[in-house]
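Text of the file work.txt, holding compact mmCIF, C-alpha atoms:
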```
# COMPACT_ATOMS: atom_id res chain seq x y z
CA MET A 177 -39.25 -10.28 -29.65
CA ASP A 178 -42.45 -8.50 -30.67
CA ILE A 179 -43.57 -7.60 -34.20
CA LEU A 180 -42.35 -3.98 -34.04
CA GLN A 181 -38.88 -5.12 -32.95
CA SER A 182 -38.80 -7.71 -35.73
CA ILE A 183 -39.72 -5.04 -38.30
CA ILE A 184 -36.95 -2.70 -37.12
CA ILE A 185 -34.37 -5.52 -37.12
CA ALA A 186 -35.53 -6.61 -40.60
CA ILE A 187 -35.11 -3.04 -41.85
CA VAL A 188 -31.57 -3.00 -40.48
CA GLU A 189 -30.87 -6.37 -42.13
CA GLY A 190 -32.28 -5.29 -45.49
CA LEU A 191 -30.34 -2.01 -45.45
CA THR A 192 -26.98 -3.40 -44.41
CA GLU A 193 -26.73 -6.94 -45.80
CA PHE A 194 -25.62 -5.90 -49.29
CA LEU A 195 -23.82 -2.69 -48.34
CA PRO A 196 -20.14 -2.89 -47.29
CA VAL A 197 -20.92 -1.71 -43.74
CA SER A 198 -21.28 -4.98 -41.73
CA SER A 199 -24.80 -6.08 -40.89
CA THR A 200 -23.44 -7.70 -37.71
CA GLY A 201 -22.28 -4.36 -36.31
CA HIS A 202 -25.65 -2.80 -36.99
CA MET A 203 -27.47 -5.75 -35.44
CA ILE A 204 -25.48 -5.24 -32.23
CA ILE A 205 -26.58 -1.60 -32.02
CA ALA A 206 -30.19 -2.35 -33.01
CA GLN A 207 -30.55 -5.22 -30.56
CA ASN A 208 -29.24 -3.24 -27.62
CA LEU A 209 -31.18 -0.05 -28.43
CA LEU A 210 -34.37 -2.11 -28.68
CA GLY A 211 -33.58 -4.11 -25.55
CA VAL A 212 -34.04 -7.43 -27.34
CA GLU A 213 -32.90 -10.42 -25.30
CA SER A 214 -30.37 -12.65 -27.06
CA THR A 215 -32.38 -15.90 -27.10
CA PRO A 216 -31.75 -18.88 -29.44
CA PHE A 217 -34.69 -17.76 -31.59
CA VAL A 218 -33.47 -14.15 -31.82
CA LYS A 219 -30.02 -15.35 -32.87
CA ALA A 220 -31.55 -17.57 -35.56
CA PHE A 221 -34.02 -14.85 -36.63
CA THR A 222 -31.24 -12.64 -38.02
CA PHE A 223 -30.17 -15.51 -40.28
CA ILE A 224 -33.65 -16.67 -41.26
CA ILE A 225 -34.72 -13.22 -42.50
CA GLN A 226 -31.76 -13.34 -44.86
CA PHE A 227 -34.06 -15.43 -47.04
CA GLY A 228 -36.07 -12.28 -47.77
CA ALA A 229 -32.87 -10.46 -48.67
CA ILE A 230 -31.84 -13.35 -50.95
CA LEU A 231 -35.14 -13.11 -52.82
CA SER A 232 -34.48 -9.42 -53.47
CA VAL A 233 -31.37 -10.33 -55.50
CA VAL A 234 -33.24 -13.00 -57.46
CA TRP A 235 -36.10 -10.53 -58.06
CA LEU A 236 -33.83 -7.74 -59.34
CA TYR A 237 -31.62 -10.01 -61.45
CA TRP A 238 -34.19 -12.59 -62.48
CA LYS A 239 -33.11 -12.74 -66.14
CA LYS A 240 -29.52 -13.36 -65.14
CA PHE A 241 -30.48 -16.18 -62.80
CA VAL A 242 -32.51 -18.10 -65.40
CA GLN A 243 -30.31 -17.38 -68.42
CA LEU A 244 -28.30 -20.24 -69.86
CA ASN A 245 -25.27 -19.93 -72.12
CA ASN A 246 -26.61 -20.69 -75.60
CA GLN A 247 -23.34 -20.32 -77.49
CA PRO A 248 -22.60 -23.14 -80.00
CA ILE A 249 -20.68 -26.04 -78.47
CA PRO A 250 -18.17 -27.82 -80.75
CA GLU A 251 -18.93 -31.40 -81.71
CA GLY A 252 -17.09 -33.98 -79.65
CA THR A 253 -17.00 -31.84 -76.50
CA PRO A 254 -17.17 -34.12 -73.42
CA LEU A 255 -20.52 -34.15 -71.61
CA LEU A 256 -19.14 -32.60 -68.41
CA ARG A 257 -17.59 -29.73 -70.34
CA ARG A 258 -20.84 -29.27 -72.26
CA LEU A 259 -22.73 -28.89 -68.99
CA ILE A 260 -20.16 -26.42 -67.64
CA ILE A 261 -20.42 -24.30 -70.78
CA ARG A 262 -24.22 -24.43 -70.83
CA TYR A 263 -24.56 -23.63 -67.13
CA ASP A 264 -21.63 -21.22 -67.08
CA PHE A 265 -23.21 -18.72 -64.66
CA TYR A 266 -24.11 -21.37 -62.09
CA TRP A 267 -20.72 -23.06 -62.50
CA LYS A 268 -18.88 -19.87 -61.60
CA LEU A 269 -21.20 -19.22 -58.68
CA PHE A 270 -20.41 -22.73 -57.47
CA ILE A 271 -16.67 -22.14 -57.79
CA ALA A 272 -16.96 -18.91 -55.79
CA PHE A 273 -19.13 -20.56 -53.14
CA ILE A 274 -16.83 -23.53 -52.42
CA PRO A 275 -14.11 -21.70 -50.39
CA ALA A 276 -16.63 -20.27 -47.89
CA ALA A 277 -18.35 -23.66 -47.57
CA VAL A 278 -15.04 -25.41 -46.84
CA PHE A 279 -13.73 -22.74 -44.45
CA GLY A 280 -17.09 -22.52 -42.71
CA LEU A 281 -17.14 -26.26 -42.00
CA LEU A 282 -13.49 -26.39 -40.89
CA PHE A 283 -13.50 -23.33 -38.66
CA SER A 284 -17.12 -23.06 -37.50
CA ASP A 285 -16.15 -23.26 -33.81
CA ALA A 286 -13.52 -20.52 -34.13
CA ILE A 287 -15.98 -18.33 -36.02
CA ASP A 288 -18.62 -18.80 -33.31
CA GLN A 289 -16.07 -17.81 -30.66
CA MET A 290 -15.20 -14.62 -32.55
CA LEU A 291 -18.91 -13.85 -32.91
CA GLU A 292 -19.14 -13.66 -29.13
CA LYS A 293 -16.58 -10.85 -28.99
CA VAL A 294 -18.24 -7.51 -29.76
CA TRP A 295 -14.90 -5.67 -29.69
CA VAL A 296 -13.75 -7.77 -32.68
CA VAL A 297 -16.70 -6.45 -34.70
CA ALA A 298 -15.97 -2.85 -33.67
CA VAL A 299 -12.25 -3.03 -34.47
CA THR A 300 -12.75 -4.70 -37.86
CA LEU A 301 -15.41 -2.12 -38.71
CA VAL A 302 -12.90 0.67 -38.11
CA ILE A 303 -10.00 -1.07 -39.88
CA GLY A 304 -12.23 -1.97 -42.83
CA GLY A 305 -13.50 1.61 -42.95
CA ILE A 306 -9.96 3.00 -43.13
CA PHE A 307 -9.19 0.54 -45.93
CA MET A 308 -12.28 1.60 -47.86
CA LEU A 309 -11.14 5.22 -47.82
CA PHE A 310 -8.32 4.20 -50.13
CA CYS A 311 -9.58 1.10 -51.97
CA ASP A 312 -10.76 3.10 -54.99
CA LYS A 313 -7.19 4.31 -55.47
CA ILE A 314 -5.66 0.90 -54.79
CA PHE A 315 -7.92 -1.04 -57.14
CA ASN A 316 -9.93 -0.49 -60.28
CA LYS A 317 -7.71 2.14 -61.88
CA GLY A 318 -9.30 2.72 -65.25
CA SER A 319 -10.75 -0.79 -65.34
CA GLU A 320 -13.49 -1.38 -67.87
CA ASP A 321 -13.60 -5.15 -67.55
CA THR A 322 -16.83 -6.86 -66.52
CA LYS A 323 -16.07 -10.42 -67.68
CA LEU A 324 -16.21 -13.08 -64.99
CA THR A 325 -13.74 -15.93 -65.48
CA GLU A 326 -13.35 -19.08 -63.41
CA LYS A 327 -10.15 -17.69 -61.87
CA ARG A 328 -11.88 -14.46 -60.88
CA ALA A 329 -14.81 -16.35 -59.41
CA LEU A 330 -12.43 -18.44 -57.27
CA MET A 331 -10.52 -15.36 -56.07
CA VAL A 332 -13.75 -13.60 -55.10
CA GLY A 333 -14.75 -16.75 -53.23
CA LEU A 334 -11.45 -16.73 -51.34
CA PHE A 335 -11.94 -13.08 -50.45
CA GLN A 336 -15.40 -13.95 -49.15
CA CYS A 337 -13.75 -16.16 -46.51
CA ILE A 338 -12.27 -13.01 -44.93
CA SER A 339 -15.82 -11.95 -44.08
CA MET A 340 -16.04 -14.81 -41.61
CA ILE A 341 -14.24 -12.43 -39.26
CA PRO A 342 -17.18 -10.57 -37.66
CA GLY A 343 -17.44 -6.95 -38.76
CA VAL A 344 -15.54 -7.35 -42.03
CA SER A 345 -18.74 -7.45 -44.12
CA ARG A 346 -19.34 -10.15 -46.72
CA SER A 347 -20.28 -7.49 -49.25
CA MET A 348 -17.07 -5.51 -48.72
CA ALA A 349 -14.85 -8.60 -48.92
CA THR A 350 -16.37 -9.90 -52.15
CA ILE A 351 -16.54 -6.50 -53.87
CA VAL A 352 -12.90 -5.79 -53.01
CA GLY A 353 -12.09 -9.29 -54.26
CA GLY A 354 -13.68 -8.49 -57.60
CA MET A 355 -11.94 -5.13 -57.85
CA ALA A 356 -8.62 -6.81 -57.04
CA GLN A 357 -9.28 -8.91 -60.15
CA LYS A 358 -9.64 -5.71 -62.22
CA MET A 359 -13.43 -5.88 -62.43
CA THR A 360 -15.37 -2.62 -62.46
CA ARG A 361 -17.04 -1.46 -59.26
CA LYS A 362 -20.48 -2.24 -60.71
CA ALA A 363 -19.52 -5.70 -62.00
CA ALA A 364 -17.83 -6.59 -58.70
CA ALA A 365 -20.83 -5.39 -56.70
CA GLU A 366 -23.32 -7.33 -58.83
CA PHE A 367 -21.34 -10.57 -58.57
CA SER A 368 -21.18 -9.98 -54.81
CA PHE A 369 -25.00 -9.93 -54.82
CA PHE A 370 -25.17 -13.12 -56.90
CA LEU A 371 -22.72 -14.93 -54.62
CA ALA A 372 -24.80 -13.90 -51.60
CA VAL A 373 -27.65 -16.15 -52.80
CA PRO A 374 -26.02 -19.59 -52.30
CA THR A 375 -23.90 -18.38 -49.37
CA MET A 376 -26.73 -16.82 -47.38
CA PHE A 377 -29.17 -19.57 -48.35
CA ALA A 378 -26.78 -22.20 -46.94
CA ALA A 379 -26.36 -20.19 -43.72
CA THR A 380 -30.14 -19.76 -43.41
CA VAL A 381 -30.88 -23.45 -43.90
CA TYR A 382 -28.15 -24.41 -41.42
CA LYS A 383 -29.51 -22.07 -38.73
CA MET A 384 -33.09 -23.24 -39.29
CA PHE A 385 -32.01 -26.87 -39.02
CA SER A 386 -30.04 -26.17 -35.83
CA LEU A 387 -33.01 -24.34 -34.32
CA TYR A 388 -35.35 -27.18 -35.27
CA LYS A 389 -32.97 -29.82 -33.87
CA ASP A 390 -32.70 -28.04 -30.53
CA HIS A 391 -36.27 -26.74 -30.09
CA GLY A 392 -38.52 -28.61 -32.52
CA SER A 393 -41.13 -27.21 -34.90
CA GLU A 394 -43.00 -25.45 -32.11
CA ILE A 395 -40.53 -22.56 -32.03
CA PHE A 396 -41.29 -21.83 -35.69
CA MET A 397 -45.05 -22.09 -35.23
CA ASP A 398 -44.98 -19.87 -32.15
CA ASN A 399 -43.09 -17.16 -34.06
CA LEU A 400 -44.59 -17.68 -37.53
CA TYR A 401 -45.96 -14.14 -37.96
CA VAL A 402 -42.70 -12.60 -36.79
CA LEU A 403 -40.74 -14.67 -39.32
CA ILE A 404 -43.09 -13.89 -42.22
CA ILE A 405 -43.16 -10.15 -41.49
CA GLY A 406 -39.39 -10.07 -40.99
CA ASN A 407 -38.72 -11.72 -44.36
CA VAL A 408 -41.18 -9.49 -46.22
CA VAL A 409 -39.69 -6.32 -44.73
CA ALA A 410 -36.12 -7.51 -45.38
CA PHE A 411 -37.06 -8.23 -49.02
CA ILE A 412 -38.58 -4.80 -49.68
CA VAL A 413 -35.80 -2.86 -47.94
CA ALA A 414 -33.05 -4.93 -49.60
CA VAL A 415 -34.50 -4.21 -53.07
CA LEU A 416 -34.29 -0.47 -52.38
CA ALA A 417 -30.82 -0.77 -50.81
CA ILE A 418 -29.38 -2.67 -53.79
CA LYS A 419 -30.77 -0.16 -56.30
CA PHE A 420 -29.32 2.73 -54.28
CA PHE A 421 -25.95 1.02 -53.80
CA ILE A 422 -25.35 0.20 -57.46
CA SER A 423 -26.18 3.76 -58.51
CA PHE A 424 -24.16 5.38 -55.71
CA VAL A 425 -21.03 3.25 -55.90
CA SER A 426 -20.83 3.52 -59.71
CA LYS A 427 -20.69 7.31 -59.41
CA HIS A 428 -18.98 7.97 -56.08
CA GLY A 429 -17.00 4.89 -55.04
CA PHE A 430 -16.59 3.60 -51.49
CA LYS A 431 -15.15 6.50 -49.47
CA ALA A 432 -18.50 7.45 -47.89
CA PHE A 433 -19.00 3.86 -46.73
CA GLY A 434 -15.50 3.92 -45.27
CA TRP A 435 -16.27 6.96 -43.11
CA TYR A 436 -19.59 5.43 -42.12
CA ARG A 437 -17.90 2.19 -40.97
CA ILE A 438 -15.42 4.17 -38.89
CA ILE A 439 -18.27 6.07 -37.19
CA VAL A 440 -20.27 2.90 -36.42
CA GLY A 441 -17.22 0.98 -35.17
CA SER A 442 -16.15 3.91 -33.00
CA ALA A 443 -19.67 4.18 -31.57
CA ILE A 444 -19.58 0.52 -30.52
CA LEU A 445 -16.13 0.97 -28.93
CA ILE A 446 -17.39 4.01 -27.01
CA MET A 447 -20.43 2.05 -25.81
CA LEU A 448 -18.13 -0.76 -24.61
CA ALA A 449 -15.82 1.76 -22.90
CA CYS A 450 -18.84 3.18 -21.08
CA GLY A 451 -19.52 -0.24 -19.60
CA MET A 452 -22.49 -1.23 -21.75
CA ASN A 453 -23.00 -5.00 -21.91
CA LEU A 454 -23.36 -5.39 -25.67
CA GLN A 455 -24.30 -8.74 -27.18
CA ILE A 456 -24.29 -10.13 -30.67
CA MET A 457 -27.64 -11.50 -31.77
```

What does the file become when written as structure tokens?
Amino acid sequence: MDILQSIIIAIVEGLTEFLPVSSTGHMIIAQNLLGVESTPFVKAFTFIIQFGAILSVVWLYWKKFVQLNNQPIPEGTPLLRRLIIRYDFYWKLFIAFIPAAVFGLLFSDAIDQMLEKVWVVAVTLVIGGIFMLFCDKIFNKGSEDTKLTEKRALMVGLFQCISMIPGVSRSMATIVGGMAQKMTRKAAAEFSFFLAVPTMFAATVYKMFSLYKDHGSEIFMDNLYVLIIGNVVAFIVAVLAIKFFISFVSKHGFKAFGWYRIIVGSAILIMLACGMNLQIM
């Protein structure tokens, strides 16, 4: 992979990671259009540049990430409960993160097998797109609620597990999970971004460790500039994508993303039908 290819792939990652359109499906198209060979480093690269995308969320929502709950705590409250109240935001992020961590560890082999099947990505893109054409009508009717409770955090976390099926889109699954809990589109989307931080960070660290275990530190040093440039580009593009998405979805909903998913999924199916040997990075 050369620097130009890494920049293009990082742009695709930054644009699609937080939108409900499946970054995996777009990576398939980008990789094959660019003619990038699916090496162990290339496969890890798409996870490692997620770190840049993670930083975009922390950058945009910095005050939220460092804010503690300063409400008065009644005397006699047990220490553990005091900590939960004080670190309420992080506690709910932790609750939402747990289901994906557990499912990921239990079914990692099955997930890897599905990741090798490009047709699974294409079909779920189309099915998810059809669903998104109607999700505004199914959920969020007149909802004005933005409060995140422990129950809502857990339900969003369970919905996130659906995104382990390639092509579903982590963003779509978690946003729909929030809307199913009567949260507004904006509140559901923002919590989806917050939940991406621990989830994607864990995936990034795991892939980096696996790459290091199999190939040593040399593979990182040999590709250092590619990794730095990829993360910087992913960060900048993700900042712009998040700002656009929040504004667009608050006004227009998800129908446009539904049609877009159907087009992308259909394009991949047509490419497969034409005999193209598509690979997932």

Quick one: contact table of range 243-300 of chain A to range 357-380 of chain A, 9 Å max, nearest atom pair and distance in Å to one decimal per residue, counting all atoms listed in the file, chain and number order, as JSON lines?
```
{"residue": "A:Leu269", "atom": "CA", "partner": "A:Leu371", "partner_atom": "CA", "distance": 6.1}
{"residue": "A:Phe270", "atom": "CA", "partner": "A:Pro374", "partner_atom": "CA", "distance": 8.2}
{"residue": "A:Ala272", "atom": "CA", "partner": "A:Leu371", "partner_atom": "CA", "distance": 7.1}
{"residue": "A:Phe273", "atom": "CA", "partner": "A:Thr375", "partner_atom": "CA", "distance": 6.5}
{"residue": "A:Ala276", "atom": "CA", "partner": "A:Thr375", "partner_atom": "CA", "distance": 7.7}
{"residue": "A:Ala277", "atom": "CA", "partner": "A:Thr375", "partner_atom": "CA", "distance": 7.9}
```

Original post:
Nearest to Ile341 in chain A among A:Phe385, A:Trp435, A:Phe194, A:Phe283, with distances taken over all atoms listed in the file: which residue is it?
Top reply: A:Phe283

Subject >> Nearest residue to Ile225 in chain A from the set A:Val408, A:Met331, A:Leu180, A:Leu400 (distances using all atoms listed in the file) >> reply: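 Checking each of A:Val408, A:Met331, A:Leu180, A:Leu400 against Ile225 in chain A, counting all atoms listed in the file, the winner is A:Val408.
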
Subject >> range 191-193 of chain A surroundings by only C-alpha atoms, 8 Å radius, close-in-sequence under 3 positions cut, as a list in words >> reply: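 These residues fall inside the cut-off: Ile187, Val188, Pro196, Val197, Ser198, Ser199, His202, Ala229, Ser347, Ala410, Val413, Ala414 and Ala417 of chain A.
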
Subject >> Residues within 10 Å of Val242 in chain A, only C-alpha atoms, excluding chain neighbours under 3 positions, as a list in words >> reply: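 Final neighbour list, sorted by chain and number: Val234, Tyr237, Trp238, Lys239, Tyr263, Phe265 and Tyr266 of chain A.
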
Sel. within 9 Å of pt (-20.2, -7.2, -23.4), counting only C-alpha atoms, output as a short mmCIF file (atom, residue, chain, number, x, y, z; two decimals) with C-alpha atoms, in the frame of the given file:
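That gives us part27.cif:
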```cif
data_model
loop_
_atom_site.label_atom_id
_atom_site.label_comp_id
_atom_site.auth_asym_id
_atom_site.auth_seq_id
_atom_site.Cartn_x
_atom_site.Cartn_y
_atom_site.Cartn_z
CA GLU A 292 -19.14 -13.66 -29.13
CA LYS A 293 -16.58 -10.85 -28.99
CA VAL A 294 -18.24 -7.51 -29.76
CA TRP A 295 -14.90 -5.67 -29.69
CA LEU A 448 -18.13 -0.76 -24.61
CA GLY A 451 -19.52 -0.24 -19.60
CA MET A 452 -22.49 -1.23 -21.75
CA ASN A 453 -23.00 -5.00 -21.91
CA LEU A 454 -23.36 -5.39 -25.67
CA GLN A 455 -24.30 -8.74 -27.18
CA ILE A 456 -24.29 -10.13 -30.67
#
```

**OP:** State, in Å with one decimal place, the distance from CA of Ile271 in chain A to CA of Lys383 in chain A.
**Re:** 23.0 Å

**OP:** Could you tell me which of A:Val278, A:Val296, A:Val409, A:Met177 comes closest to Gly333 in chain A if we count all atoms listed in the file?
**Re:** A:Val278

Subject >> Surrounding residues of Met290 in chain A excluding itself and chain neighbours under 6 positions, 12 Å, all atoms listed in the file, as number ranges by chain >> reply: A: 200, 283-284, 296-298, 300, 339-344, 456

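If all atoms listed in the file are the atoms counted, then among A:Ala186, A:Ala356, A:Leu195, A:Ile260 the closest residue to Ile412 in chain A is A:Ala186.
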
Original post:
In Å to one decimal, how far is CA of Arg346 in chain A from CA of Leu301 in chain A?
Top reply: 12.0 Å
